[in-house]
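Comments concern the structure below.
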Amino acid sequence: NAGVMQNPRHLVRRRGQEARLRCSPMKGHSHVYWYRQLPEEGLKFMVYLQKENIIDESGMPKERFSAEFPKEGPSILRIQQVVRGDSAAYFCASSPARPEAFFGQGTRLTVV
Amino acid sequence: AQSVTQPDIHITVSEGASLELRCNYSYGATPYLFWYVQSPGQGLQLLLKYFSGDTLVQGIKGFEAEFKRSQSSFNLRKPSVHWSDAAEYFCAVRRAAGNKLTFGGGTRVLVKP
């Protein structure tokens with residue numbers, strides 16, 4: 001059973017471009033979470049999704065950020081018009097109905 | 001709102017010595033409690049978790065943690081550290097009825113020979 005797969009592992013974007021981060025949850029997991037880790041900080045919750053539904057987006061910035069988890073395919077975290085402050089590691093986690101979450105390796109976004 | 005505090009930002013320990021990492025949480029009821037480890041450039045690996053029952057929890061890699069309700073603490077311990085334990089450790093909590101994790105700021109552990 002493969003773990004949570006995130007790609008790309010590293011992503012470089014120029015200011016103003018779009019970043020698309022992908023997350024494939026573990027097999028059988030229908031809950032997906034996105035977290036952001038700024039340099040030298042802990043992880044901060046961004047959004048929680050189930051298939052085709054956003055359940056909790058209380059941690060998402062109000063502008064430029066969006067997330068989806070379609071019926072088929074991976075979950076996508078999309079950042080439009082990236083700025084330097086978006087540079088961070090973005091982690092996806094998935095879980096079944098149980099409370100524990102399993103994390104992917106993360107996507108490290110660098111905005112130049 | 002719940003919060004998690006890891007008072008020690010950095011800890012340096014000699015190989016073979018014992019290690020204790022502190023974690024305090026603020027929440028009205030007993031949450032679910034977790035410790036994760038993150039090696040440089042890697043994702044988070046679950047070391048152990050506490051949901052209910054025995055307050056001393058055993059995890060992977062020889063780690064254990066003790067839940068103390070009276071102190072709102074969930075400290076992580078290892079009797080004898082190995083050089084491979086050098087990493088960053090995160091304590092996290094989750095409401096029993098909720099879904100998202102709230103993380104502490106992390107403690108970076110350095111192991112000297």
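Going by the structure tokens order, chains are called A, B, ..., each with residues numbered from 1, while ligands are numbered from 1 in the order shown.
Near chain B, within 7 Å and using only C-alpha atoms, the residues of chain A are Glu41, Gly42, Leu43, Lys44, Phe45, Phe103, Gly104, Gln105 and Gly106 of chain A.
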Write out the residues from the selection above, keeping C-alpha atoms, as a compact mmCIF listing (two decimals), in the first residue's frame.
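That gives us part-v6.txt:
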# COMPACT_ATOMS: atom_id res chain seq x y z
CA GLU A 41 7.87 27.08 11.83
CA GLY A 42 5.46 24.28 12.58
CA LEU A 43 2.72 23.15 10.26
CA LYS A 44 -0.42 25.21 9.90
CA PHE A 45 -3.72 23.73 8.78
CA PHE A 103 1.60 12.63 5.66
CA GLY A 104 3.21 12.84 2.27
CA GLN A 105 6.78 13.98 1.65
CA GLY A 106 5.66 17.48 0.86
Checklist line | Contacts of A:Tyr90 within 6 Å, only C-alpha atoms, excl. fewer than 2 positions in-chain, as a ChimeraX atom specification | finding: /A:35-36,106-107
Next item on the list: Please run DSSP on the backbone and report, as an NGL selection string, all residues within chain B that come out as strand (DSSP E or B).
Entry: :B and (3-5 or 10-14 or 19-21 or 24-26 or 32-38 or 44-50 or 56-58 or 64-68 or 73-78 or 87-94 or 102-103 or 107-112)
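Proximity to B:Ile60 was assessed for B:Glu15, B:Ser3, B:Arg77, B:Leu21 counting only C-alpha atoms; the smallest distance is recorded for B:Arg77.
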May I have a table of the residues of stretch 42-100 of chain A lying at most 7 Å from stretch 4-20 of chain A, giving each one's closest pair of atoms and their distance in Å to one decimal, counting only C-alpha atoms, ordered by chain and ascending residue number, as JSON lines?
{"residue": "A:Ile76", "atom": "CA", "partner": "A:Arg20", "partner_atom": "CA", "distance": 6.5}
{"residue": "A:Leu77", "atom": "CA", "partner": "A:Arg20", "partner_atom": "CA", "distance": 5.8}
{"residue": "A:Arg78", "atom": "CA", "partner": "A:Arg20", "partner_atom": "CA", "distance": 4.6}
{"residue": "A:Ile79", "atom": "CA", "partner": "A:Ala19", "partner_atom": "CA", "distance": 5.1}
{"residue": "A:Gln80", "atom": "CA", "partner": "A:Glu18", "partner_atom": "CA", "distance": 4.5}
{"residue": "A:Gln81", "atom": "CA", "partner": "A:Gly16", "partner_atom": "CA", "distance": 3.8}
{"residue": "A:Val82", "atom": "CA", "partner": "A:Gly16", "partner_atom": "CA", "distance": 5.0}
{"residue": "A:Val83", "atom": "CA", "partner": "A:Arg15", "partner_atom": "CA", "distance": 5.1}
{"residue": "A:Arg84", "atom": "CA", "partner": "A:Arg15", "partner_atom": "CA", "distance": 6.8}
{"residue": "A:Ala93", "atom": "CA", "partner": "A:Val4", "partner_atom": "CA", "distance": 6.9}
{"residue": "A:Ser94", "atom": "CA", "partner": "A:Val4", "partner_atom": "CA", "distance": 6.9}
